[in-house]
file upload-v6.txt (compact mmCIF, C-alpha atoms and all ligand atoms)
# COMPACT_ATOMS: atom_id res chain seq x y z
CA MET I 1 -22.94 0.38 19.48
CA ARG I 2 -21.02 2.33 16.79
CA GLN I 3 -22.33 2.56 13.22
CA PRO I 4 -20.70 -0.10 11.01
CA ILE I 5 -18.01 1.04 8.57
CA ARG I 6 -18.44 -0.25 5.01
CA ILE I 7 -15.27 -1.78 3.58
CA ALA I 8 -15.10 -2.79 -0.07
CA VAL I 9 -12.41 -5.32 -1.00
CA THR I 10 -11.72 -6.24 -4.64
CA GLY I 11 -10.17 -9.55 -5.63
CA ALA I 12 -11.63 -10.87 -2.40
CA ALA I 13 -11.40 -14.57 -3.30
CA GLY I 14 -7.70 -14.30 -4.16
CA HIS I 15 -4.77 -15.20 -1.95
CA ILE I 16 -4.37 -11.79 -0.32
CA GLY I 17 -8.15 -11.47 0.03
CA TYR I 18 -8.28 -14.75 1.93
CA ASN I 19 -5.63 -13.50 4.36
CA LEU I 20 -7.17 -10.05 4.70
CA LEU I 21 -10.91 -10.51 5.22
CA PHE I 22 -10.66 -12.46 8.45
CA ARG I 23 -8.28 -9.90 9.93
CA ILE I 24 -10.66 -7.07 9.09
CA ALA I 25 -13.69 -8.94 10.43
CA SER I 26 -11.87 -9.83 13.67
CA GLY I 27 -11.18 -6.15 14.45
CA ASP I 28 -7.44 -6.09 13.69
CA MET I 29 -7.85 -3.20 11.27
CA LEU I 30 -10.32 -0.79 12.83
CA GLY I 31 -10.23 -1.85 16.45
CA TYR I 32 -12.12 -4.31 18.56
CA ARG I 33 -15.16 -2.08 19.11
CA GLN I 34 -15.84 -1.08 15.52
CA PRO I 35 -18.43 -3.10 13.55
CA VAL I 36 -17.74 -3.55 9.83
CA ILE I 37 -19.69 -4.50 6.71
CA LEU I 38 -17.68 -6.29 4.02
CA GLN I 39 -18.59 -5.58 0.39
CA LEU I 40 -16.64 -8.01 -1.76
CA LEU I 41 -15.93 -7.88 -5.48
CA GLU I 42 -14.73 -10.65 -7.76
CA ILE I 43 -14.82 -11.57 -11.43
CA PRO I 44 -17.71 -13.89 -12.40
CA ALA I 45 -15.44 -16.95 -12.63
CA SER I 46 -14.41 -16.55 -8.97
CA LEU I 47 -17.84 -15.79 -7.46
CA GLN I 48 -18.39 -19.40 -6.44
CA ALA I 49 -15.07 -19.42 -4.57
CA LEU I 50 -15.98 -16.10 -2.98
CA LYS I 51 -19.28 -17.57 -1.84
CA GLY I 52 -17.23 -20.22 -0.01
CA VAL I 53 -15.09 -17.54 1.65
CA CYS I 54 -18.29 -15.80 2.83
CA MET I 55 -19.53 -19.10 4.27
CA GLU I 56 -16.30 -19.32 6.26
CA LEU I 57 -16.71 -15.73 7.45
CA ASP I 58 -20.21 -16.70 8.69
CA ASP I 59 -18.77 -19.72 10.46
CA CYS I 60 -16.37 -17.53 12.45
CA ALA I 61 -19.36 -15.77 14.09
CA PHE I 62 -17.26 -12.60 14.31
CA PRO I 63 -19.04 -10.25 16.75
CA LEU I 64 -17.97 -7.20 14.71
CA LEU I 65 -19.10 -8.46 11.31
CA ALA I 66 -22.38 -6.63 10.78
CA GLY I 67 -22.94 -7.79 7.19
CA THR I 68 -21.32 -9.27 4.09
CA LEU I 69 -22.21 -8.98 0.44
CA PHE I 70 -20.43 -10.41 -2.57
CA THR I 71 -20.88 -9.47 -6.19
CA ASP I 72 -19.25 -9.17 -9.60
CA VAL I 73 -20.76 -5.69 -10.16
CA PRO I 74 -18.26 -2.98 -9.14
CA GLU I 75 -20.95 -0.36 -8.30
CA GLU I 76 -22.63 -2.81 -5.90
CA ALA I 77 -19.38 -3.57 -4.12
CA PHE I 78 -18.43 0.12 -3.84
CA ALA I 79 -21.91 1.39 -2.86
CA GLY I 80 -21.55 3.73 0.12
CA ALA I 81 -18.09 2.29 0.92
CA ASP I 82 -16.07 4.24 3.49
CA ILE I 83 -12.88 2.29 2.79
CA VAL I 84 -11.92 0.63 -0.48
CA ILE I 85 -9.07 -1.88 -0.63
CA MET I 86 -8.23 -2.63 -4.26
CA VAL I 87 -6.46 -5.98 -4.37
CA GLY I 88 -8.08 -7.52 -7.47
CA ALA I 89 -5.36 -7.75 -10.11
CA ARG I 90 -3.04 -10.36 -11.49
CA PRO I 91 0.21 -11.01 -9.53
CA ARG I 92 3.54 -11.22 -11.35
CA THR I 93 5.27 -14.52 -11.92
CA LYS I 94 8.99 -15.33 -11.89
CA GLY I 95 11.09 -13.19 -14.22
CA MET I 96 8.59 -10.32 -14.37
CA GLU I 97 8.93 -6.80 -12.97
CA ARG I 98 5.77 -5.38 -11.39
CA ASN I 99 5.31 -2.86 -14.18
CA ASP I 100 5.16 -5.73 -16.70
CA LEU I 101 1.62 -6.05 -15.28
CA LEU I 102 0.54 -2.60 -16.47
CA ASN I 103 -1.03 -3.94 -19.63
CA VAL I 104 -3.03 -6.69 -17.95
CA ASN I 105 -4.02 -4.81 -14.79
CA GLY I 106 -4.27 -1.13 -15.80
CA GLU I 107 -7.68 -1.48 -17.44
CA ILE I 108 -9.17 -2.84 -14.18
CA PHE I 109 -8.32 0.40 -12.40
CA LYS I 110 -9.95 2.51 -15.08
CA THR I 111 -13.22 0.55 -14.96
CA GLN I 112 -13.23 0.28 -11.18
CA GLY I 113 -12.02 3.88 -10.73
CA ILE I 114 -15.08 5.11 -12.62
CA ALA I 115 -17.44 2.83 -10.67
CA LEU I 116 -15.85 3.76 -7.36
CA ASP I 117 -16.24 7.46 -7.98
CA ARG I 118 -19.94 6.95 -8.80
CA ALA I 119 -20.83 4.67 -5.92
CA ALA I 120 -18.57 5.04 -2.87
CA SER I 121 -19.01 7.47 0.00
CA PRO I 122 -17.67 10.90 -1.08
CA ARG I 123 -15.23 10.68 1.83
CA ALA I 124 -14.05 7.17 0.92
CA LYS I 125 -10.42 6.32 1.54
CA VAL I 126 -8.84 4.09 -1.09
CA VAL I 127 -5.72 1.95 -0.95
CA VAL I 128 -4.44 0.13 -4.02
CA VAL I 129 -2.58 -3.13 -3.44
CA GLY I 130 -2.79 -4.65 -6.96
CA ASN I 131 0.45 -4.15 -8.87
CA PRO I 132 1.93 -1.95 -10.12
CA ALA I 133 0.22 -0.33 -7.17
CA ASN I 134 1.32 3.31 -7.55
CA THR I 135 0.35 3.66 -11.18
CA ASN I 136 -2.86 1.66 -10.75
CA ALA I 137 -3.78 4.07 -7.94
CA LEU I 138 -2.99 6.98 -10.26
CA ILE I 139 -5.31 5.56 -12.94
CA ALA I 140 -8.15 5.19 -10.39
CA ALA I 141 -7.50 8.66 -8.92
CA SER I 142 -7.60 10.24 -12.37
CA HIS I 143 -11.28 9.26 -12.55
CA ALA I 144 -12.15 10.93 -9.25
CA ARG I 145 -14.87 13.56 -9.68
CA ARG I 146 -17.00 13.29 -6.52
CA LEU I 147 -14.20 11.80 -4.46
CA ASP I 148 -11.01 13.56 -3.40
CA PRO I 149 -7.99 12.32 -5.43
CA LYS I 150 -5.87 12.84 -2.29
CA ASN I 151 -7.80 9.95 -0.77
CA TYR I 152 -6.36 7.51 -3.35
CA THR I 153 -3.22 5.92 -1.99
CA SER I 154 -0.93 3.05 -2.90
CA MET I 155 0.43 0.55 -0.44
CA MET I 156 4.09 1.20 0.44
CA ARG I 157 3.63 -0.30 3.88
CA LEU I 158 5.05 -3.69 3.03
CA ASP I 159 8.32 -1.98 2.01
CA HIS I 160 8.20 0.15 5.16
CA ASN I 161 7.69 -2.92 7.35
CA ARG I 162 10.46 -4.79 5.52
CA ALA I 163 12.81 -1.88 6.25
CA LEU I 164 11.88 -1.82 9.96
CA SER I 165 12.43 -5.54 10.29
CA ARG I 166 15.85 -5.46 8.57
CA ILE I 167 17.10 -2.52 10.59
CA ALA I 168 16.02 -4.23 13.81
CA ALA I 169 17.72 -7.50 12.87
CA HIS I 170 21.02 -5.83 11.92
CA ALA I 171 20.97 -3.59 14.99
CA GLY I 172 20.26 -6.61 17.21
CA ARG I 173 17.28 -4.82 18.73
CA PRO I 174 13.57 -5.68 18.79
CA VAL I 175 11.50 -4.18 16.01
CA THR I 176 9.74 -2.01 18.58
CA SER I 177 13.05 -0.15 19.05
CA VAL I 178 12.98 1.06 15.44
CA ARG I 179 10.96 4.03 14.17
CA LYS I 180 10.82 6.39 11.22
CA ALA I 181 11.96 4.23 8.31
CA ILE I 182 10.79 5.50 4.90
CA ALA I 183 9.94 3.81 1.61
CA TRP I 184 10.24 6.68 -0.90
CA GLY I 185 8.92 6.46 -4.43
CA ASN I 186 7.53 3.53 -6.35
CA HIS I 187 6.58 0.10 -4.98
CA SER I 188 9.22 -1.44 -7.25
CA SER I 189 12.89 -2.31 -7.28
CA ALA I 190 13.54 1.41 -7.98
CA GLN I 191 12.13 2.53 -4.61
CA PHE I 192 14.46 4.16 -2.10
CA PRO I 193 14.33 2.50 1.32
CA ASP I 194 15.71 5.12 3.69
CA LEU I 195 17.22 4.34 7.07
CA TYR I 196 19.07 7.64 7.25
CA HIS I 197 16.10 9.29 8.99
CA ALA I 198 15.22 6.21 11.05
CA VAL I 199 16.06 5.82 14.73
CA VAL I 200 16.96 2.82 16.88
CA ASP I 201 16.31 3.34 20.58
CA GLY I 202 16.16 7.07 19.82
CA ILE I 203 19.59 7.13 18.11
CA ASN I 204 19.94 7.75 14.37
CA ALA I 205 19.83 4.28 12.75
CA ASN I 206 22.79 4.92 10.44
CA THR I 207 24.91 6.00 13.42
CA PHE I 208 23.65 3.12 15.57
CA ILE I 209 24.40 0.51 12.90
CA HIS I 210 27.62 2.18 11.73
CA ASP I 211 28.02 -0.10 8.72
CA PRO I 212 27.81 1.88 5.45
CA LYS I 213 28.71 -1.15 3.32
CA TRP I 214 25.77 -3.09 4.73
CA VAL I 215 23.43 -0.16 4.15
CA GLU I 216 24.40 0.26 0.50
CA ARG I 217 25.06 -3.36 -0.47
CA GLU I 218 22.48 -5.20 1.60
CA PHE I 219 19.85 -3.01 3.22
CA ILE I 220 18.86 -0.89 0.22
CA PRO I 221 18.92 -3.63 -2.45
CA GLY I 222 17.50 -6.12 0.07
CA VAL I 223 14.32 -4.10 0.62
CA GLN I 224 14.10 -3.14 -3.05
CA ASN I 225 14.23 -6.77 -4.16
CA ARG I 226 12.44 -8.50 -1.31
CA GLY I 227 9.30 -9.11 -3.37
CA THR I 228 11.36 -10.93 -6.01
CA GLU I 229 13.21 -12.92 -3.34
CA ILE I 230 9.90 -14.10 -1.88
CA LEU I 231 8.50 -14.89 -5.31
CA GLU I 232 11.55 -17.05 -6.02
CA ALA I 233 11.43 -18.81 -2.64
CA ARG I 234 7.68 -19.44 -2.50
CA GLY I 235 7.02 -19.77 -6.21
CA ALA I 236 4.30 -17.14 -5.68
CA SER I 237 4.31 -13.55 -4.55
CA SER I 238 3.92 -12.42 -0.95
CA VAL I 239 0.47 -12.85 0.55
CA ALA I 240 0.21 -12.82 4.35
CA SER I 241 2.74 -10.00 4.74
CA ALA I 242 0.90 -8.03 2.04
CA ALA I 243 -2.45 -8.52 3.78
CA ASN I 244 -0.82 -7.45 7.05
CA ALA I 245 0.56 -4.33 5.38
CA ALA I 246 -2.94 -3.44 4.13
CA VAL I 247 -4.28 -3.82 7.68
CA CYS I 248 -1.50 -1.54 8.99
CA HIS I 249 -1.99 1.05 6.21
CA VAL I 250 -5.73 1.48 6.80
CA ARG I 251 -5.47 1.20 10.59
CA ASP I 252 -2.89 3.97 10.87
CA TRP I 253 -4.65 6.19 8.34
CA LEU I 254 -7.94 5.98 10.24
CA LEU I 255 -6.80 5.61 13.82
CA GLY I 256 -3.56 7.65 13.64
CA THR I 257 0.17 7.00 13.68
CA PRO I 258 1.89 6.61 17.06
CA GLU I 259 3.37 9.71 18.68
CA ASN I 260 6.87 10.48 17.41
CA ASP I 261 6.72 8.06 14.47
CA TRP I 262 5.53 8.01 10.89
CA VAL I 263 4.59 5.53 8.17
CA SER I 264 5.10 5.35 4.40
CA MET I 265 2.13 5.81 2.07
CA GLY I 266 1.95 6.28 -1.70
CA ILE I 267 0.14 9.58 -2.22
CA LEU I 268 -0.52 12.06 -4.99
CA THR I 269 2.49 14.33 -5.41
CA ASP I 270 2.26 18.11 -5.14
CA GLY I 271 5.88 19.17 -5.61
CA ARG I 272 7.00 18.42 -2.07
CA TYR I 273 10.60 17.18 -1.68
CA GLY I 274 11.21 18.22 -5.29
CA ILE I 275 8.96 15.49 -6.72
CA PRO I 276 6.77 17.16 -9.36
CA GLU I 277 3.01 16.78 -9.15
CA GLY I 278 1.06 14.12 -11.01
CA VAL I 279 2.27 10.71 -9.80
CA ILE I 280 1.59 8.55 -6.74
CA TYR I 281 4.82 8.38 -4.76
CA GLY I 282 5.80 6.94 -1.38
CA PHE I 283 6.34 9.58 1.34
CA PRO I 284 6.65 9.57 5.11
CA VAL I 285 3.31 10.68 6.55
CA GLN I 286 1.77 11.21 9.95
CA CYS I 287 -1.91 10.41 10.29
CA SER I 288 -4.51 11.70 12.68
CA LYS I 289 -8.32 11.40 12.70
CA GLY I 290 -8.47 10.02 9.16
CA SER I 291 -6.12 12.56 7.55
CA TYR I 292 -2.49 12.26 6.57
CA ALA I 293 0.19 14.95 6.40
CA VAL I 294 3.59 14.61 4.76
CA VAL I 295 6.48 14.88 7.23
CA GLU I 296 8.26 18.11 6.30
CA ASN I 297 11.84 19.40 6.42
CA LEU I 298 13.77 16.14 6.29
CA GLU I 299 17.28 16.68 5.02
CA ILE I 300 17.82 15.17 1.57
CA THR I 301 21.46 14.49 0.66
CA PRO I 302 22.67 14.15 -2.96
CA PHE I 303 22.81 10.35 -2.46
CA MET I 304 19.11 10.30 -1.48
CA ARG I 305 18.15 12.84 -4.18
CA GLU I 306 19.56 10.62 -6.91
CA ARG I 307 17.57 7.61 -5.72
CA MET I 308 14.36 9.57 -5.13
CA ASP I 309 14.56 11.09 -8.62
CA SER I 310 15.24 7.75 -10.23
CA SER I 311 12.07 6.32 -8.66
CA TYR I 312 10.15 9.36 -9.91
CA ARG I 313 11.46 8.83 -13.44
CA GLU I 314 10.21 5.25 -13.37
CA LEU I 315 6.75 6.47 -12.29
CA LEU I 316 6.74 9.00 -15.13
CA TRP I 317 7.54 6.22 -17.58
CA GLU I 318 4.71 4.10 -16.13
CA ARG I 319 2.32 7.03 -16.38
CA ASP I 320 3.18 7.45 -20.05
CA GLN I 321 2.30 3.80 -20.67
CA VAL I 322 -1.23 4.26 -19.25
CA ARG I 323 -2.19 7.72 -20.52
CA HIS I 324 -5.02 6.14 -22.54
CA LEU I 325 -6.57 4.75 -19.31
CA MET I 326 -6.57 8.01 -17.39
CA GLY I 327 -9.56 10.31 -16.97
P1 LIG S 401 -4.50 -13.67 -6.68
O1 LIG S 401 -4.38 -14.01 -8.13
O2 LIG S 401 -4.44 -14.76 -5.69
O3 LIG S 401 -5.85 -12.88 -6.43
C1 LIG S 401 -6.27 -11.84 -7.24
C2 LIG S 401 -7.78 -11.92 -7.28
O4 LIG S 401 -8.25 -10.80 -8.01
C3 LIG S 401 -8.30 -13.18 -7.99
O5 LIG S 401 -9.22 -13.85 -7.15
C4 LIG S 401 -8.98 -12.63 -9.24
O6 LIG S 401 -10.13 -13.38 -9.64
C5 LIG S 401 -9.35 -11.24 -8.78
N1 LIG S 401 -9.55 -10.29 -9.88
C6 LIG S 401 -8.91 -10.21 -11.05
N2 LIG S 401 -9.44 -9.25 -11.81
C7 LIG S 401 -10.42 -8.68 -11.07
C8 LIG S 401 -11.35 -7.64 -11.31
N3 LIG S 401 -11.38 -6.99 -12.48
N4 LIG S 401 -12.23 -7.34 -10.34
C9 LIG S 401 -12.23 -8.01 -9.18
N5 LIG S 401 -11.40 -9.01 -8.90
C10 LIG S 401 -10.50 -9.35 -9.84
O7 LIG S 401 -3.39 -12.55 -6.39
P2 LIG S 401 -2.92 -12.02 -4.95
O8 LIG S 401 -1.74 -12.82 -4.51
O9 LIG S 401 -4.09 -11.88 -4.05
O10 LIG S 401 -2.34 -10.59 -5.37
C11 LIG S 401 -3.22 -9.56 -5.81
C12 LIG S 401 -2.42 -8.36 -6.31
O11 LIG S 401 -1.71 -7.77 -5.22
C13 LIG S 401 -1.37 -8.68 -7.37
O12 LIG S 401 -1.38 -7.67 -8.37
C14 LIG S 401 -0.07 -8.63 -6.58
O13 LIG S 401 1.04 -8.36 -7.42
C15 LIG S 401 -0.37 -7.49 -5.65
N6 LIG S 401 0.50 -7.37 -4.46
C16 LIG S 401 0.84 -6.10 -4.09
C17 LIG S 401 1.63 -5.90 -2.96
C18 LIG S 401 2.03 -4.52 -2.53
O14 LIG S 401 2.86 -4.38 -1.61
N7 LIG S 401 1.49 -3.45 -3.08
C19 LIG S 401 2.08 -7.01 -2.23
C20 LIG S 401 1.71 -8.29 -2.65
C21 LIG S 401 0.91 -8.46 -3.78
C1 LIG S 402 5.80 -7.66 -3.00
O1 LIG S 402 6.49 -6.65 -2.84
O2 LIG S 402 6.03 -8.70 -2.33
C2 LIG S 402 4.63 -7.63 -3.95
O3 LIG S 402 4.59 -6.44 -4.67
C3 LIG S 402 4.54 -8.81 -4.82
C4 LIG S 402 5.60 -8.82 -5.91
O4 LIG S 402 5.24 -8.99 -7.06
O5 LIG S 402 6.77 -8.68 -5.56
call {"tool": "encode", "arguments": {"input": "upload-v6.txt", "output": "structure tokens"}}
result
Amino acid sequence: MRQPIRIAVTGAAGHIGYNLLFRIASGDMLGYRQPVILQLLEIPASLQALKGVCMELDDCAFPLLAGTLFTDVPEEAFAGADIVIMVGARPRTKGMERNDLLNVNGEIFKTQGIALDRAASPRAKVVVVGNPANTNALIAASHARRLDPKNYTSMMRLDHNRALSRIAAHAGRPVTSVRKAIAWGNHSSAQFPDLYHAVVDGINANTFIHDPKWVEREFIPGVQNRGTEILEARGASSVASAANAAVCHVRDWLLGTPENDWVSMGILTDGRYGIPEGVIYGFPVQCSKGSYAVVENLEITPFMRERMDSSYRELLWERDQVRHLMG
């Protein structure tokens, strides 16, 4: 039997938490032979609800669930964690942009960033889901001393999956025919969803679809604004698709991306693709054995450059708003 992997999840009694924990415990994230221990964090007011979620986890008798703990003490939840999924944060409501949440959520990622760095495994891999995810991840990463800041990522996978699904629908092909979409930049309406490097059945997606008006008027704004569209339709922000994206993000990071494909992850910038260092920005990456590498040498046209830079400028603005929270 393999050693269990310790997975800390914050905001575990929330909506995404409730959709995520059972997927992790069933083996969807790390494979059907890998035992896991869940270390769950909530605020005191939600501990009772979290206790109920843990009772339900028990009642599933998941063969791979080797232990569960729940707490309102960040250091206890992060102790020895190999993977940290930071969901705990307030969601936006109608009429808000995600970065309107910086004031209410930013502080959480300072406090928890400090605790995480003290308590988690030094090799821990962190994904931030709570919005605004890129800048919250930057706040947490800025407190990394023992841990490697490169292991702090933000979730761009929901945008990536949204792009795949839209390309497939417009091309009239199954989603399995589509590879290599990219969600560049911020997880916000200023991201740049890129189908220009994607392929459908091995053919460039833009050539395959051959519909520039659709790309510019529907595909790009459609992916950029999908979160808002869901919020308006459901009266609440996305949940199951977000939990699924977190499962995909961690799975591919640990187990590897498929041959001849890539995924989008928000990672610390280092000047690649002309994006200056110091923000967390969505890039195409290939993963293998728990490491990721940015896909190099993609051609960037002036049209793409403008959109990629605009997303960077938004992240710079967000970073300026949270300077006081950074280590
Ligand atoms: P929710 O309100 O249902 O759950 C959030 C949970 O976090 C609550 O149970 C709350 O008690 C808990 N929480 C709040 N502060 C905490 C703290 N300091 N420590 C631990 N737990 C804390 O919200 P949700 O629908 O689960 O969404 C969670 C976050 O995920 C939101 O910020 C939302 O905007 C974001 N989100 C991001 C993406 C993405 O693609 N990155 C997608 C969907 C949602
Ligand atoms: C999403 O993209 O669905 C999430 O970030 C939730 C939101 O606020 O839009």
call {"tool": "residues_near_ligand", "arguments": {"input": "upload-v6.txt", "ligand": "ligand LIG 401 (chain S)", "cutoff": "6 Å", "atoms": "all atoms listed in the file", "output": "mmCIF file with C-alpha atoms, in the coordinates of the input"}}
result
data_model
loop_
_atom_site.group_PDB
_atom_site.id
_atom_site.type_symbol
_atom_site.label_atom_id
_atom_site.label_comp_id
_atom_site.auth_asym_id
_atom_site.auth_seq_id
_atom_site.Cartn_x
_atom_site.Cartn_y
_atom_site.Cartn_z
ATOM 1 C CA THR I 10 -11.720 -6.240 -4.640
ATOM 2 C CA GLY I 11 -10.170 -9.550 -5.630
ATOM 3 C CA ALA I 13 -11.400 -14.570 -3.300
ATOM 4 C CA GLY I 14 -7.700 -14.300 -4.160
ATOM 5 C CA HIS I 15 -4.770 -15.200 -1.950
ATOM 6 C CA ILE I 16 -4.370 -11.790 -0.320
ATOM 7 C CA GLY I 17 -8.150 -11.470 0.030
ATOM 8 C CA LEU I 41 -15.930 -7.880 -5.480
ATOM 9 C CA GLU I 42 -14.730 -10.650 -7.760
ATOM 10 C CA ILE I 43 -14.820 -11.570 -11.430
ATOM 11 C CA SER I 46 -14.410 -16.550 -8.970
ATOM 12 C CA VAL I 87 -6.460 -5.980 -4.370
ATOM 13 C CA GLY I 88 -8.080 -7.520 -7.470
ATOM 14 C CA ALA I 89 -5.360 -7.750 -10.110
ATOM 15 C CA ARG I 90 -3.040 -10.360 -11.490
ATOM 16 C CA PRO I 91 0.210 -11.010 -9.530
ATOM 17 C CA ARG I 92 3.540 -11.220 -11.350
ATOM 18 C CA ILE I 108 -9.170 -2.840 -14.180
ATOM 19 C CA VAL I 129 -2.580 -3.130 -3.440
ATOM 20 C CA GLY I 130 -2.790 -4.650 -6.960
ATOM 21 C CA ASN I 131 0.450 -4.150 -8.870
ATOM 22 C CA ALA I 133 0.220 -0.330 -7.170
ATOM 23 C CA MET I 155 0.430 0.550 -0.440
ATOM 24 C CA LEU I 158 5.050 -3.690 3.030
ATOM 25 C CA SER I 238 3.920 -12.420 -0.950
ATOM 26 C CA VAL I 239 0.470 -12.850 0.550
ATOM 27 C CA ALA I 242 0.900 -8.030 2.040
#
call {"tool": "residues_near_ligand", "arguments": {"input": "upload-v6.txt", "ligand": "ligand LIG 402 (chain S)", "cutoff": "10 Å", "atoms": "all atoms listed in the file", "output": "ChimeraX atom specification"}}
result
/I:90-94,96-99,101,129-133,155-159,162,187-189,223-232,236-242
call {"tool": "closest_atom_pairs", "arguments": {"input": "upload-v6.txt", "of": "region 25-116 of chain I", "to": "region 288-298 of chain I", "cutoff": "12 Å", "atoms": "all atoms listed in the file", "output": "tab-separated table"}}
result
residue	atom	partner	partner_atom	distance
I:Leu30	CA	I:Gly290	CA	11.6
I:Asp82	CA	I:Gly290	CA	11.1
I:Ile83	CA	I:Gly290	CA	10.9
call {"tool": "atom_distance", "arguments": {"input": "upload-v6.txt", "atom1": "CA of Thr68 (chain I)", "atom2": "CA of Ala115 (chain I)"}}
result
19.5 Å
call {"tool": "atom_distance", "arguments": {"input": "upload-v6.txt", "atom1": "CA of Gln321 (chain I)", "atom2": "CA of Ile139 (chain I)"}}
result
11.0 Å
call {"tool": "residues_around", "arguments": {"input": "upload-v6.txt", "residues": "Asn206 (chain I)", "least_positions_apart": "4", "cutoff": "7 Å", "atoms": "only C-alpha atoms", "output": "list in words"}}
result
Leu195, Tyr196 and His210 of chain I
call {"tool": "atom_distance", "arguments": {"input": "upload-v6.txt", "atom1": "CA of Leu315 (chain I)", "atom2": "CA of Ile267 (chain I)"}}
result
12.4 Å
call {"tool": "closest_residue", "arguments": {"input": "upload-v6.txt", "among": "I:Asn161, I:Ala8, I:Ser26, I:Asn19", "to": "Lys125 (chain I)", "atoms": "all atoms listed in the file"}}
result
I:Ala8
call {"tool": "closest_residue", "arguments": {"input": "upload-v6.txt", "among": "I:Lys180, I:Leu268, I:Pro221, I:His324", "to": "Asn204 (chain I)", "atoms": "only C-alpha atoms"}}
result
I:Lys180
call {"tool": "closest_residue", "arguments": {"input": "upload-v6.txt", "among": "I:Ser165, I:Thr207, I:Asn151, I:Ser311", "to": "Pro122 (chain I)", "atoms": "all atoms listed in the file"}}
result
I:Asn151
call {"tool": "residues_near_point", "arguments": {"input": "upload-v6.txt", "point": "(-2.8, 3.6, 12.5)", "cutoff": "12 Å", "atoms": "all atoms listed in the file", "output": "VMD selection string"}}
result
chain I and resid 28 to 31 157 245 to 259 261 to 265 285 to 292
call {"tool": "closest_residue", "arguments": {"input": "upload-v6.txt", "among": "I:Asn134, I:Asn103, I:Thr153, I:Thr71", "to": "Gly185 (chain I)", "atoms": "all atoms listed in the file"}}
result
I:Asn134
call {"tool": "residues_around", "arguments": {"input": "upload-v6.txt", "residues": "Gln112 (chain I)", "least_positions_apart": "3", "cutoff": "10 Å", "atoms": "all atoms listed in the file", "output": "number ranges by chain"}}
result
I: 10, 73-75, 78, 86, 107-109, 115-118, 139-140, 143
call {"tool": "closest_residue", "arguments": {"input": "upload-v6.txt", "among": "I:Asp194, I:Asp148, I:Asp72, I:Asp59", "to": "Arg305 (chain I)", "atoms": "only C-alpha atoms"}}
result
I:Asp194
call {"tool": "closest_residue", "arguments": {"input": "upload-v6.txt", "among": "I:Leu102, I:Leu164, I:Ala198, I:Ala77", "to": "Ala137 (chain I)", "atoms": "all atoms listed in the file"}}
result
I:Leu102
call {"tool": "build_atoms", "arguments": {"input": "upload-v6.txt", "residues": "region 121-130 of chain I", "atoms": "N, CA, C and O atoms", "output": "JSON list (two decimals), keeping the file's coordinate frame"}}
result
[["chain", "number", "residue", "atom", "x", "y", "z"],
["I", 121, "SER", "N", -18.80, 6.27, -0.81],
["I", 121, "SER", "CA", -19.01, 7.47, 0.00],
["I", 121, "SER", "C", -18.10, 8.58, -0.52],
["I", 121, "SER", "O", -16.94, 8.30, -0.88],
["I", 122, "PRO", "N", -18.56, 9.83, -0.57],
["I", 122, "PRO", "CA", -17.67, 10.90, -1.08],
["I", 122, "PRO", "C", -16.41, 11.08, -0.24],
["I", 122, "PRO", "O", -15.44, 11.65, -0.70],
["I", 123, "ARG", "N", -16.43, 10.56, 0.97],
["I", 123, "ARG", "CA", -15.23, 10.68, 1.83],
["I", 123, "ARG", "C", -14.39, 9.39, 1.84],
["I", 123, "ARG", "O", -13.49, 9.24, 2.66],
["I", 124, "ALA", "N", -14.72, 8.48, 0.90],
["I", 124, "ALA", "CA", -14.05, 7.17, 0.92],
["I", 124, "ALA", "C", -12.53, 7.30, 0.87],
["I", 124, "ALA", "O", -11.99, 8.18, 0.20],
["I", 125, "LYS", "N", -11.88, 6.39, 1.57],
["I", 125, "LYS", "CA", -10.42, 6.32, 1.54],
["I", 125, "LYS", "C", -10.05, 5.04, 0.79],
["I", 125, "LYS", "O", -10.58, 3.97, 1.09],
["I", 126, "VAL", "N", -9.14, 5.19, -0.16],
["I", 126, "VAL", "CA", -8.84, 4.09, -1.09],
["I", 126, "VAL", "C", -7.37, 3.70, -0.95],
["I", 126, "VAL", "O", -6.50, 4.58, -0.92],
["I", 127, "VAL", "N", -7.11, 2.41, -0.87],
["I", 127, "VAL", "CA", -5.72, 1.95, -0.95],
["I", 127, "VAL", "C", -5.62, 0.89, -2.04],
["I", 127, "VAL", "O", -6.42, -0.05, -2.07],
["I", 128, "VAL", "N", -4.65, 1.08, -2.93],
["I", 128, "VAL", "CA", -4.44, 0.13, -4.02],
["I", 128, "VAL", "C", -3.28, -0.80, -3.64],
["I", 128, "VAL", "O", -2.18, -0.34, -3.32],
["I", 129, "VAL", "N", -3.58, -2.09, -3.71],
["I", 129, "VAL", "CA", -2.58, -3.13, -3.44],
["I", 129, "VAL", "C", -2.13, -3.78, -4.75],
["I", 129, "VAL", "O", -0.96, -4.08, -4.95],
["I", 130, "GLY", "N", -3.07, -3.97, -5.68],
["I", 130, "GLY", "CA", -2.79, -4.65, -6.96],
["I", 130, "GLY", "C", -1.68, -3.95, -7.72],
["I", 130, "GLY", "O", -1.67, -2.73, -7.85]]
